[in-house]
Amino acid sequence: MEQWPFHDGNVHNLLDNRRIDFGHDVGHSLQMHSSLIRRLSMEQELEGHQGCVNAVAWNSNGSLLISGSDDALINIWSYSGRKLLHSIETGHSANIFCTKFIPESSDELVASGAGDAEVRLFNLSRLNGRGFNDGAITPSALYQCHTRRVKKLAFEVGNPNMVWSASEDGTLRQHDFREGTSCPPAGSSHQECRNVLLDLRYGAKRSLADPPRLTLALKSCDISSTRPHLLLVGGNDAFARLYDRRMLPPLTSCRKRMLPPTCVNYFCPMHLSDRGRSSLHLTHVTFSPNGEEVLLSYSGEHVYLMDVNHASGSSMQYTSGDASKLMTFTPVLNKLEHRPPLSGVFQNGLRSRGKTAAGIEKCRMLVEIAKRSLDNGTNIFHAIEACNEVLDGHGIDIGPTLRLECFCTRAALWLKRKWKNDAHMAIRDCHNARRIDSSSFRAHYCMAEALEQLGKHKEALDFAVAAQYLSPYDMASEKVENIKKHLAAAEAEKSNKASDGSHKGEPRTGRVLSLSDILYRSEANSDALQDGPRSEREDSDFDEELELDFETLISGDEGRDVESNIFHGSLNLRIHRRGDSTRETGACGSPSSSSQNGVAYQPEAVIDMKRRYAGHCNVGTDIKQASFLGQRGEFVASGSDDGRWFIWEKQTGKLIKMLLGDGVVVNCVQSHPFDCFVATSGIDNTIKLWTPSAAVPSMAAGGSAGPEAANVLEAMESNQQKLCCNREAFLSFELLERFRMHDFSEGSLQPFECAQT
């Protein structure tokens, strides 16, 4: 499993190099060193909450930990004593989703945001002399101007006067403690809070080519610690947005919806930009410690790393239509040899020739290991990691021939593993291989197979024919014939559907809503609400009359399993809202975002992914975090729906550690500011504390039960199966069960709300 070292070096060498490299901070490197991470184990569980712990955060010096929970309590914990100091009854009437210390306030001010759409500020100095069970205290400030759940709070380093709140109502608001400590509830006749910094109620995009026209229900936000004018937000579409606060218009009220302001950058992996899936959304966005990178975590997808600074025309930037161009055959690509970026290559000074030669030999060995695994069909996961090590860890050292071989080998490995969107990763590798050698048989053949896996048979045929021309092996000819058969079958099926459709009655009118639209208010309930008074059933997802269609699709070899009495096939649940056919057209007097002054909408340029981190599962909750570990941010961590949390090496995406951290789901992962110490939380009502105290290093470890018996690969394979059963299907079965039980009461939704935050 562990055939090569990690890139943070040997601890002995790091200490020894202090005499040579005076500019290198050894303390930062050793805080989260791979040798320590591989010894992480659970030291203690903190008990003090009576519900899911949805938020944990450290103060600036790491002496205190704050947590928020479904029980509406804020708890303050001592790092040195590992004990509860204060337990505050906040007065929130719903789950607390975020809570943090206000910077530069001597850790006396804390803020919270919750599912009751409120932001509250508390002064801990009022607790002096009281016990740890402090009870209810009056908030120092109460902001009620949001109309939907507040999912995230953000702060500016060094600024004790402001807090920013991101809500599912599509607004990001700036609360200045110096201007006022309260505001009337949203919808009040005298409510005129001019604190809207970002109005994204017409900000969501179904795909890159589409203009923004729907409400972007914000799930996460972050402010750069190195350049605090930069603001990052993510919500219920595929695109994270970077804004420069200095370039935003003045604060406004929520009375009138505005067109979304221009952002500095969009971030989205290219293969997710044109999917048009309403269920695809971000659960967490964050800056790296140095502010040069961002990390995005997707529901039903993976975690992605991207660069903040990329000049126009960079190979990491793309526009609408580039994804389809990547899959379209062109006889000759640009004769631009693919080379890795230079950033991060010379982290410890210039490499010596001896080290470079040793690196090249190591890369040759790793490629051979990967090829043997491909031929034998074994250890596919570790073979992919070997290729990642070559291309991402030593790419600057190797020449085009070895790079070409590694790209083609990794593409074939992606196609054999078949995790979610591995075929898209194979297409990237094949494209890069063709940029090195446009006459590579393997690049064309693997591209054809990847496109075939994606159901793009016409495009696959072009590459298969090219592969047959370049090297007329039997396998290429067989591939061409198979694709032609699939094309013929697809055309026949299309003709049959068209024939069947002509005999059916007129379809129902009205817009078909996805389950995410209904359950998670991706359009903020209804455009007709216009932020009016909140009704008693505001949080209910069934407050309008619905019509339901159930369709079962059974074809081919799908059918009834006689022994298990289960239907195999797909189930489509179509939910129609009556009289709702014009909501997407910009009705209700909304400003049109499809054109301005007669100018057609021009899709924005988007920054593409730099690295992908896979193995976990993010489907069940929409507060799941992905975090950088340590002051240098050299490692990436994420919670998972299987009760585990995962740690990867940032540079190569290599899995370092998998730990069992919850009985159900791990949502939050926060590393200590200065020590090798991690706090995690999730559905359990306890907080887990992790230290490098294991007797021996390992890739997998459990909690108090010790090393896991389950195989690492089996756990990741199980997670990938859950990802393939996406959030829409996950919610379909939950909703179908409600219909079967005829349980539509608002109270009945609360357990589901808690479990699927």
# chains A, B, ... in the order shown; residues from 1 in each chain; ligands from 1
>>> select_by_dssp(residues="stretch 151-326 of chain A", states="strand (DSSP E or B)", output="PyMOL selection string")
chain A and resi 151-154+162-167+171-176+182+196-199+204+214+218-223+230-235+240-244+252+265-267+281-287+293-299+303-307+317-318
>>> write_last_selection(atoms="C-alpha atoms", output="compact mmCIF listing (two decimals), in the first residue's frame")
# COMPACT_ATOMS: atom_id res chain seq x y z
CA LYS A 151 -26.18 28.32 6.93
CA LYS A 152 -22.83 30.05 7.40
CA LEU A 153 -21.15 33.00 9.12
CA ALA A 154 -17.90 34.66 8.02
CA MET A 162 -18.81 42.94 11.69
CA VAL A 163 -20.19 39.55 10.82
CA TRP A 164 -21.40 38.34 7.42
CA SER A 165 -24.24 35.80 7.13
CA ALA A 166 -25.13 33.58 4.16
CA SER A 167 -28.71 32.35 3.93
CA THR A 171 -28.75 37.03 0.25
CA LEU A 172 -25.45 37.57 2.01
CA ARG A 173 -25.78 40.28 4.62
CA GLN A 174 -23.27 42.46 6.44
CA HIS A 175 -24.10 43.14 10.09
CA ASP A 176 -22.21 46.03 11.70
CA SER A 182 -31.29 44.54 16.39
CA VAL A 196 -27.66 43.21 1.83
CA LEU A 197 -24.12 42.96 0.47
CA LEU A 198 -24.93 40.27 -2.13
CA ASP A 199 -28.39 39.83 -3.60
CA ALA A 204 -28.41 30.61 -9.70
CA LEU A 214 -33.22 31.45 -10.07
CA LEU A 218 -26.46 30.08 -0.18
CA LYS A 219 -24.94 27.15 1.72
CA SER A 220 -21.47 28.46 2.53
CA CYS A 221 -19.21 31.52 2.45
CA ASP A 222 -15.66 32.43 3.42
CA ILE A 223 -13.47 35.55 3.59
CA LEU A 230 -12.06 38.65 -1.32
CA LEU A 231 -15.34 36.89 -0.56
CA LEU A 232 -16.18 33.33 -1.66
CA VAL A 233 -19.75 31.98 -1.75
CA GLY A 234 -21.38 28.70 -2.77
CA GLY A 235 -24.99 27.57 -2.97
CA ALA A 240 -18.64 28.92 -6.50
CA ARG A 241 -18.27 32.69 -6.92
CA LEU A 242 -15.44 34.97 -5.88
CA TYR A 243 -16.27 38.63 -5.21
CA ASP A 244 -14.13 41.66 -4.45
CA THR A 252 -29.20 47.70 -0.10
CA ASN A 265 -14.13 34.48 -10.81
CA TYR A 266 -16.40 31.48 -11.16
CA PHE A 267 -15.10 28.09 -9.99
CA HIS A 281 -24.91 21.93 -5.31
CA LEU A 282 -22.09 22.99 -3.05
CA THR A 283 -22.11 22.22 0.66
CA HIS A 284 -18.88 24.01 1.62
CA VAL A 285 -16.38 26.49 0.17
CA THR A 286 -13.19 27.72 1.83
CA PHE A 287 -9.91 29.50 1.14
CA GLU A 293 -6.42 28.20 -3.50
CA VAL A 294 -10.05 27.33 -2.82
CA LEU A 295 -11.65 24.04 -1.85
CA LEU A 296 -15.16 23.10 -3.01
CA SER A 297 -17.26 20.24 -1.63
CA TYR A 298 -20.24 19.07 -3.72
CA SER A 299 -23.32 17.17 -2.66
CA VAL A 303 -14.05 17.56 -3.29
CA TYR A 304 -12.13 19.79 -5.71
CA LEU A 305 -9.11 22.10 -5.40
CA MET A 306 -8.76 25.19 -7.60
CA ASP A 307 -6.39 28.13 -7.97
CA GLN A 317 -9.78 28.43 -17.43
CA TYR A 318 -12.63 27.56 -19.79
>>> residues_around(residues="stretch 59-74 of chain A", least_positions_apart="6", cutoff="10 Å", atoms="only C-alpha atoms", output="NGL selection string")
:A and (48-53 or 80-104 or 106-107 or 110-115 or 122 or 135-136 or 157 or 670-675 or 679 or 681-683 or 685-687 or 754 or 757)
>>> residues_around(residues="stretch 423-437 of chain A", least_positions_apart="4", cutoff="9 Å", atoms="only C-alpha atoms", output="compact mmCIF listing (two decimals) with N, CA, C and O atoms, in the first residue's frame")
# COMPACT_ATOMS: atom_id res chain seq x y z
N HIS A 271 -16.46 19.34 -16.12
CA HIS A 271 -17.44 18.30 -16.43
C HIS A 271 -18.74 18.49 -15.65
O HIS A 271 -19.73 17.80 -15.93
N LEU A 326 -13.89 19.33 -25.84
CA LEU A 326 -12.95 18.35 -25.32
C LEU A 326 -13.30 16.95 -25.79
O LEU A 326 -12.42 16.09 -25.93
N MET A 327 -14.59 16.72 -26.06
CA MET A 327 -15.04 15.40 -26.47
C MET A 327 -15.21 15.27 -27.98
O MET A 327 -15.68 14.23 -28.46
N VAL A 332 -5.78 17.25 -35.61
CA VAL A 332 -4.51 17.73 -35.05
C VAL A 332 -4.82 18.75 -33.97
O VAL A 332 -5.48 19.76 -34.23
N LEU A 333 -4.36 18.47 -32.76
CA LEU A 333 -4.50 19.44 -31.68
C LEU A 333 -3.38 20.46 -31.75
O LEU A 333 -2.43 20.31 -32.52
N ASN A 334 -3.47 21.51 -30.94
CA ASN A 334 -2.37 22.47 -30.84
C ASN A 334 -1.11 21.69 -30.49
O ASN A 334 -1.11 20.87 -29.59
N LYS A 335 -0.05 21.97 -31.15
CA LYS A 335 1.20 21.27 -30.84
C LYS A 335 1.84 21.87 -29.60
O LYS A 335 2.99 22.25 -29.57
N LEU A 336 1.05 22.00 -28.58
CA LEU A 336 1.50 22.55 -27.31
C LEU A 336 1.65 21.40 -26.35
O LEU A 336 0.68 20.77 -25.96
N GLU A 337 2.88 21.12 -25.99
CA GLU A 337 3.12 20.00 -25.10
C GLU A 337 2.58 20.30 -23.72
O GLU A 337 2.81 21.37 -23.16
N HIS A 338 1.85 19.36 -23.17
CA HIS A 338 1.28 19.55 -21.83
C HIS A 338 2.39 19.49 -20.79
O HIS A 338 3.18 18.56 -20.75
N PRO A 400 8.32 14.21 -22.06
CA PRO A 400 7.02 13.99 -22.69
C PRO A 400 6.69 12.51 -22.91
O PRO A 400 5.52 12.13 -22.84
N THR A 401 7.68 11.68 -23.16
CA THR A 401 7.40 10.27 -23.43
C THR A 401 6.82 9.58 -22.20
O THR A 401 5.79 8.89 -22.28
N ARG A 403 5.50 11.08 -19.63
CA ARG A 403 4.25 11.74 -19.28
C ARG A 403 3.10 11.20 -20.13
O ARG A 403 2.00 10.95 -19.63
N LEU A 404 3.35 11.02 -21.42
CA LEU A 404 2.34 10.46 -22.31
C LEU A 404 1.92 9.07 -21.85
O LEU A 404 0.72 8.75 -21.77
N GLU A 405 2.89 8.24 -21.51
CA GLU A 405 2.60 6.88 -21.07
C GLU A 405 1.78 6.89 -19.78
O GLU A 405 0.85 6.10 -19.62
N CYS A 406 2.11 7.82 -18.90
CA CYS A 406 1.40 7.88 -17.62
C CYS A 406 -0.03 8.38 -17.81
O CYS A 406 -0.96 7.86 -17.18
N PHE A 407 -0.23 9.38 -18.67
CA PHE A 407 -1.58 9.86 -18.96
C PHE A 407 -2.45 8.73 -19.52
O PHE A 407 -3.60 8.54 -19.08
N CYS A 408 -1.93 8.00 -20.47
CA CYS A 408 -2.72 6.93 -21.10
C CYS A 408 -3.01 5.80 -20.12
O CYS A 408 -4.11 5.24 -20.10
N ARG A 410 -3.17 6.06 -16.79
CA ARG A 410 -4.15 6.50 -15.80
C ARG A 410 -5.55 6.58 -16.40
O ARG A 410 -6.54 6.26 -15.72
N ALA A 411 -5.65 7.00 -17.67
CA ALA A 411 -6.97 7.03 -18.32
C ALA A 411 -7.60 5.65 -18.35
O ALA A 411 -8.79 5.48 -18.05
N ALA A 412 -6.80 4.65 -18.70
CA ALA A 412 -7.33 3.28 -18.73
C ALA A 412 -7.72 2.80 -17.33
O ALA A 412 -8.70 2.06 -17.17
N LEU A 413 -6.96 3.24 -16.32
CA LEU A 413 -7.29 2.86 -14.95
C LEU A 413 -8.59 3.51 -14.48
O LEU A 413 -9.40 2.87 -13.81
N TRP A 414 -8.79 4.80 -14.83
CA TRP A 414 -10.07 5.45 -14.49
C TRP A 414 -11.23 4.64 -15.07
O TRP A 414 -12.24 4.41 -14.40
N LEU A 415 -11.08 4.23 -16.32
CA LEU A 415 -12.18 3.53 -17.00
C LEU A 415 -12.44 2.15 -16.41
O LEU A 415 -13.57 1.65 -16.45
N LYS A 418 -14.22 2.98 -12.60
CA LYS A 418 -15.62 3.38 -12.81
C LYS A 418 -16.27 3.99 -11.57
O LYS A 418 -17.45 3.78 -11.31
N TRP A 419 -15.51 4.76 -10.80
CA TRP A 419 -16.14 5.58 -9.78
C TRP A 419 -16.85 6.74 -10.44
O TRP A 419 -16.69 6.98 -11.64
N ARG A 442 -3.25 4.77 -27.99
CA ARG A 442 -3.87 4.55 -26.69
C ARG A 442 -4.74 5.73 -26.28
O ARG A 442 -5.82 5.55 -25.69
N ALA A 443 -4.30 6.96 -26.59
CA ALA A 443 -5.09 8.14 -26.23
C ALA A 443 -6.42 8.13 -26.96
O ALA A 443 -7.47 8.42 -26.36
N HIS A 444 -6.41 7.78 -28.25
CA HIS A 444 -7.65 7.75 -29.02
C HIS A 444 -8.56 6.60 -28.59
O HIS A 444 -9.78 6.76 -28.49
N TYR A 445 -7.96 5.45 -28.31
CA TYR A 445 -8.76 4.29 -27.93
C TYR A 445 -9.43 4.52 -26.58
O TYR A 445 -10.64 4.25 -26.41
N CYS A 446 -8.68 5.03 -25.60
CA CYS A 446 -9.25 5.29 -24.27
C CYS A 446 -10.29 6.40 -24.33
O CYS A 446 -11.30 6.35 -23.61
N MET A 447 -10.07 7.39 -25.20
CA MET A 447 -11.07 8.45 -25.36
C MET A 447 -12.38 7.86 -25.90
O MET A 447 -13.47 8.21 -25.43
N ALA A 448 -12.28 6.96 -26.85
CA ALA A 448 -13.48 6.32 -27.39
C ALA A 448 -14.21 5.53 -26.31
O ALA A 448 -15.45 5.59 -26.20
N GLU A 449 -13.46 4.81 -25.48
CA GLU A 449 -14.09 4.02 -24.43
C GLU A 449 -14.73 4.92 -23.38
O GLU A 449 -15.82 4.62 -22.87
N ALA A 450 -14.07 6.03 -23.02
CA ALA A 450 -14.64 6.96 -22.04
C ALA A 450 -15.94 7.56 -22.54
O ALA A 450 -16.94 7.64 -21.81
N LEU A 451 -15.96 7.99 -23.79
CA LEU A 451 -17.17 8.57 -24.36
C LEU A 451 -18.28 7.53 -24.47
O LEU A 451 -19.46 7.84 -24.28
N GLN A 453 -18.70 5.06 -22.36
CA GLN A 453 -19.24 4.91 -21.01
C GLN A 453 -20.20 6.03 -20.67
O GLN A 453 -21.15 5.83 -19.90
N LEU A 454 -19.99 7.20 -21.25
CA LEU A 454 -20.87 8.34 -21.00
C LEU A 454 -22.08 8.35 -21.93
O LEU A 454 -22.91 9.26 -21.85
>>> atom_distance(atom1="atom CA of A:Cys363", atom2="atom CA of A:Leu36")
25.8 Å
>>> select_by_dssp(residues="stretch 197-341 of chain A", states="alpha helix (DSSP H)", output="PyMOL selection string")
chain A and resi 322-326
